[in-house]
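S.K.: Got a structure for you, questions after.
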Amino acid sequence: MLCEKYKPALIESAVAGSDLAPAIRAHMATCPSCAAELVQQRSLIAAINANLHRQMNAPVPAAMLQRFEAHLAQHPQPKRAPRFAQVFAGALATLAFAATIVLLLPRHRSPGNNTKLVAPQPTENGVHEPRVVRETPSNATVSLGHQPKPPSHARTRIVLASAAASPHPEPEVIVPPDERIAMEHFIADLHGDGEIALARAKRITEQREQAIVPVDAPDIQIAALKVQPIRQTDMGSDK
Amino acid sequence: MQELVLTQPTSAARAGWSGDPDAKAAEAAALRREFEERLAECGPLAFRVARGVLRNAADAEDVAQEALLRAYRRFERLRDRSRFRAWLVRISFRLALDRARSWNRREQRETEWARQRPVDTTEDLAASSEFQAHLNRAVDELSPKLRLVLLLAAMEEHPLDDVAQMLGLPIGTVKSRLFAAKKQLAEKLQCYVKNTNPR
């Protein structure tokens, strides 16, 4: 039982074919059991080596290569498959092309919060009314009537107001005539240009005065007034 | 030193792209000639590696044929032709391991009378002793990297430095793996040795 501690060293010595350590060798000189154990371990390793040697050096069938060459003659080398690198390069080029296309395409329009004033449309009495529309920043347009104005803002431009220049599909808000002056003041303040706002307000006032035309007509004389309720038929005919 | 035919995969590809049938045929013929020159040296090696795993000549030949065929089909893509031998050894070893595993799975399904592996040659019969069976089992339980070194080192014509070159390993690694493999075998066969060789 005491010699069991030497057993791993004996196995390792037998496997490596090396000499024992001096301490173990001294023990072996006095222990015939361990000496016999070493002989057995060496014979075991020799048996293992002999079996492996016999297995691994068995004669190769003589006709093996001839059979393979005959098989090879029936199966010529197939066409070369595309290499991984080539496939990868193709995929990369396709991705780059797709990315270029995506970057060059115009950006999708989304409704923004910018409220813009565009070309006013003429009404029946010739007065142009400004319209307030919602537009994207890139297409922002502000109209101040008939006079063009140079760009005063990075995202806005002033266009010549005309009746034909308003093909906007976006929803628009019609500004009532009473609020027109206030709207133009608002626009002028918006752009920091008060002179234009005053000029526009003066012109609209003149247009209003010109719309009042004196009419030559005989004086109307009212003899008597009679008050009576409105009948249903009169109401229908008024409509 | 073996004489090599100068054949580059890129030049073969250029011949194919250029559409010149003569140049393409010449490249294919040169490639095949180079492969056949290596076949005489490496064919037996593939067989022996497969036989070391399968321990059966007929199955080992099948595996060697398959390994050689795969090597031939991919020979054009092999950039470093000097590593053809190591490449073929690994292909053959892997194929033999796969076949041995499929055997094991099949054996679990089949009946007792069909479990005996085919014994084709007299050498196989001579090797089917009790000790051989125990040794084979112990070798099967080794890890693949230890097993491949053990099998290659057991071949006469392959000293340890050749095995190291074949596997692309330092010689010290090959020695340590060989030592570990044999030690594991010796430890697993201790009881068997005591029974057959009583003190």
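In the structure tokens, each chain is lettered A, B, ... as it comes, each chain's residues begin at 1, and ligands are numbered from 1 in order of appearance.
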Contacts of His134 (chain B) at 10 Å or less, counting only C-alpha atoms, minus same-chain residues fewer than 4 places along, as a compact mmCIF listing (two decimals) with N, CA, C and O atoms, in the first residue's frame?

M.R.:
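Saved as part-v9.txt:
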```txt
# COMPACT_ATOMS: atom_id res chain seq x y z
N SER B 128 -8.12 -9.08 -33.69
CA SER B 128 -9.33 -9.06 -32.87
C SER B 128 -9.13 -9.84 -31.57
O SER B 128 -9.95 -10.67 -31.21
N SER B 129 -8.06 -9.66 -30.90
CA SER B 129 -7.82 -10.30 -29.62
C SER B 129 -8.46 -9.46 -28.52
O SER B 129 -8.95 -8.35 -28.75
N GLU B 130 -8.41 -10.00 -27.33
CA GLU B 130 -9.03 -9.29 -26.20
C GLU B 130 -8.30 -7.99 -25.89
O GLU B 130 -8.92 -6.94 -25.67
N ALA B 138 -10.11 2.03 -25.63
CA ALA B 138 -9.40 3.13 -24.96
C ALA B 138 -8.99 4.21 -25.96
O ALA B 138 -9.07 5.42 -25.66
N VAL B 139 -8.58 3.81 -27.13
CA VAL B 139 -8.21 4.79 -28.17
C VAL B 139 -9.43 5.58 -28.61
O VAL B 139 -9.36 6.80 -28.83
N ASP B 140 -10.56 4.89 -28.72
CA ASP B 140 -11.78 5.59 -29.12
C ASP B 140 -12.19 6.67 -28.12
O ASP B 140 -12.85 7.64 -28.49
N LEU B 185 -4.00 5.83 -22.17
CA LEU B 185 -4.19 4.43 -22.57
C LEU B 185 -3.67 3.49 -21.48
O LEU B 185 -4.33 2.49 -21.12
N LYS B 188 -5.99 3.34 -18.51
CA LYS B 188 -7.24 2.61 -18.77
C LYS B 188 -7.02 1.11 -18.91
O LYS B 188 -7.99 0.35 -18.77
N LEU B 189 -5.81 0.70 -19.19
CA LEU B 189 -5.52 -0.72 -19.37
C LEU B 189 -4.81 -1.33 -18.17
O LEU B 189 -4.30 -2.46 -18.27
N TYR B 192 -6.49 -4.59 -16.90
CA TYR B 192 -6.31 -5.65 -17.89
C TYR B 192 -4.91 -6.23 -17.78
O TYR B 192 -4.72 -7.45 -17.82
```

S.K.: Taking only residues of chain B that have an atom at most 6 Å from an atom of chain A, what is each one's shortest atom pair and its distance in Å to one decimal, using only C-alpha atoms, in chain and number order, as a Markdown table?

M.R.:
```
| residue | atom | partner | partner_atom | distance |
| --- | --- | --- | --- | --- |
| B:Arg48 | CA | A:Met56 | CA | 5.7 |
| B:Gly52 | CA | A:Met56 | CA | 5.7 |
| B:Arg73 | CA | A:Gln77 | CA | 5.6 |
| B:Ala154 | CA | A:His53 | CA | 5.1 |
| B:Met155 | CA | A:Met56 | CA | 5.5 |
```

S.K.: By how many Å are CA of Lys175 (chain B) and CA of Phe47 (chain B) apart?

M.R.: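 One can read the CA of Lys175 (chain B) to CA of Phe47 (chain B) distance as 23.7 Å.
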
S.K.: With distances taken over only C-alpha atoms, which residue among A:Ala98, A:Ala91, A:Leu104, A:Ala63 lies nearest Gln65 (chain B)?

M.R.: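 So, comparing all the options, the nearest one is A:Ala63.
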
S.K.: May I ask for the distance between CA of Lys7 (chain A) and CA of Leu152 (chain B), given in Å to one decimal place?

M.R.: 28.3 Å

S.K.: Figure out the distance between CA of Ala85 (chain A) and CA of Phe35 (chain B), please, to one decimal in Å.

M.R.: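 Between CA of Phe35 (chain B) and CA of Ala85 (chain A) the gap is 24.8 Å.
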
S.K.: List every residue of region 59-110 of chain B that DSSP, applied to the backbone of this structure, assigns to alpha helix (DSSP H), and report them as an MDAnalysis selection string.

M.R.: chainID B and resid 59:73 84:109

S.K.: Could those selected residues go to a file with N, CA and C atoms, as a compact mmCIF listing (two decimals), in the first residue's frame?

M.R.:
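Writing done, so here's out-v3.txt:
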```txt
# COMPACT_ATOMS: atom_id res chain seq x y z
N ASP B 59 -13.75 -0.47 -45.04
CA ASP B 59 -14.31 0.84 -44.72
C ASP B 59 -13.26 1.94 -44.81
N ALA B 60 -12.05 1.60 -44.41
CA ALA B 60 -10.98 2.59 -44.51
C ALA B 60 -10.73 2.98 -45.96
N GLU B 61 -10.81 2.01 -46.84
CA GLU B 61 -10.62 2.35 -48.26
C GLU B 61 -11.75 3.23 -48.77
N ASP B 62 -12.96 2.94 -48.35
CA ASP B 62 -14.08 3.80 -48.76
C ASP B 62 -13.86 5.24 -48.29
N VAL B 63 -13.45 5.36 -47.04
CA VAL B 63 -13.23 6.71 -46.50
C VAL B 63 -12.06 7.39 -47.21
N ALA B 64 -11.03 6.63 -47.48
CA ALA B 64 -9.88 7.22 -48.19
C ALA B 64 -10.28 7.67 -49.59
N GLN B 65 -11.09 6.87 -50.24
CA GLN B 65 -11.56 7.27 -51.58
C GLN B 65 -12.36 8.57 -51.51
N GLU B 66 -13.21 8.64 -50.53
CA GLU B 66 -14.03 9.85 -50.39
C GLU B 66 -13.17 11.06 -50.05
N ALA B 67 -12.20 10.84 -49.19
CA ALA B 67 -11.32 11.96 -48.82
C ALA B 67 -10.51 12.43 -50.02
N LEU B 68 -10.01 11.48 -50.80
CA LEU B 68 -9.24 11.86 -51.98
C LEU B 68 -10.11 12.59 -53.00
N LEU B 69 -11.34 12.13 -53.12
CA LEU B 69 -12.24 12.78 -54.07
C LEU B 69 -12.54 14.22 -53.64
N ARG B 70 -12.76 14.38 -52.35
CA ARG B 70 -13.01 15.75 -51.86
C ARG B 70 -11.78 16.62 -52.05
N ALA B 71 -10.63 16.05 -51.78
CA ALA B 71 -9.40 16.81 -51.95
C ALA B 71 -9.20 17.19 -53.41
N TYR B 72 -9.54 16.29 -54.30
CA TYR B 72 -9.39 16.59 -55.72
C TYR B 72 -10.33 17.71 -56.16
N ARG B 73 -11.53 17.66 -55.66
CA ARG B 73 -12.50 18.69 -56.06
C ARG B 73 -12.12 20.07 -55.53
N PHE B 84 -0.83 20.17 -48.64
CA PHE B 84 -1.83 19.22 -49.15
C PHE B 84 -1.91 17.97 -48.28
N ARG B 85 -0.75 17.49 -47.83
CA ARG B 85 -0.72 16.27 -47.03
C ARG B 85 -1.47 16.45 -45.71
N ALA B 86 -1.20 17.55 -45.04
CA ALA B 86 -1.90 17.82 -43.77
C ALA B 86 -3.39 17.99 -44.01
N TRP B 87 -3.71 18.64 -45.10
CA TRP B 87 -5.12 18.86 -45.46
C TRP B 87 -5.82 17.52 -45.66
N LEU B 88 -5.18 16.65 -46.42
CA LEU B 88 -5.79 15.34 -46.71
C LEU B 88 -5.91 14.50 -45.44
N VAL B 89 -4.91 14.57 -44.57
CA VAL B 89 -4.97 13.81 -43.32
C VAL B 89 -6.16 14.25 -42.48
N ARG B 90 -6.38 15.53 -42.41
CA ARG B 90 -7.50 16.03 -41.61
C ARG B 90 -8.85 15.64 -42.23
N ILE B 91 -8.93 15.72 -43.55
CA ILE B 91 -10.18 15.31 -44.20
C ILE B 91 -10.46 13.85 -43.92
N SER B 92 -9.44 13.01 -44.10
CA SER B 92 -9.63 11.57 -43.89
C SER B 92 -9.97 11.26 -42.43
N PHE B 93 -9.30 11.93 -41.52
CA PHE B 93 -9.56 11.69 -40.10
C PHE B 93 -10.99 12.08 -39.74
N ARG B 94 -11.44 13.23 -40.24
CA ARG B 94 -12.80 13.68 -39.93
C ARG B 94 -13.84 12.74 -40.53
N LEU B 95 -13.62 12.34 -41.76
CA LEU B 95 -14.57 11.42 -42.40
C LEU B 95 -14.63 10.09 -41.67
N ALA B 96 -13.47 9.61 -41.24
CA ALA B 96 -13.44 8.33 -40.51
C ALA B 96 -14.15 8.46 -39.16
N LEU B 97 -13.95 9.59 -38.50
CA LEU B 97 -14.65 9.80 -37.22
C LEU B 97 -16.17 9.83 -37.45
N ASP B 98 -16.59 10.52 -38.50
CA ASP B 98 -18.02 10.58 -38.79
C ASP B 98 -18.59 9.19 -39.05
N ARG B 99 -17.83 8.41 -39.80
CA ARG B 99 -18.33 7.07 -40.10
C ARG B 99 -18.37 6.21 -38.83
N ALA B 100 -17.37 6.34 -37.99
CA ALA B 100 -17.36 5.58 -36.73
C ALA B 100 -18.54 5.98 -35.84
N ARG B 101 -18.86 7.26 -35.83
CA ARG B 101 -20.00 7.70 -35.02
C ARG B 101 -21.30 7.15 -35.59
N SER B 102 -21.41 7.14 -36.90
CA SER B 102 -22.63 6.60 -37.49
C SER B 102 -22.73 5.10 -37.21
N TRP B 103 -21.59 4.43 -37.16
CA TRP B 103 -21.60 3.02 -36.75
C TRP B 103 -22.18 2.87 -35.36
N ASN B 104 -21.67 3.69 -34.47
CA ASN B 104 -22.12 3.57 -33.09
C ASN B 104 -23.62 3.80 -32.97
N ARG B 105 -24.11 4.78 -33.71
CA ARG B 105 -25.55 5.03 -33.66
C ARG B 105 -26.32 3.86 -34.24
N ARG B 106 -25.79 3.30 -35.31
CA ARG B 106 -26.49 2.18 -35.93
C ARG B 106 -26.46 0.95 -35.03
N GLU B 107 -25.33 0.75 -34.37
CA GLU B 107 -25.22 -0.41 -33.49
C GLU B 107 -26.24 -0.36 -32.36
N GLN B 108 -26.55 0.82 -31.91
CA GLN B 108 -27.52 0.94 -30.84
C GLN B 108 -28.91 0.55 -31.31
N ARG B 109 -29.15 0.67 -32.59
CA ARG B 109 -30.48 0.36 -33.11
C ARG B 109 -30.62 -1.12 -33.50
```

S.K.: Excluding Ser82 (chain B) and its own-chain neighbours fewer than 2 positions away, which residues fall within 12 Å of it when counting only C-alpha atoms? Please give them as a PyMOL selection string.

M.R.: chain B and resi 1-4+34-35+38+42+75+78-80+84-88+165-166+168
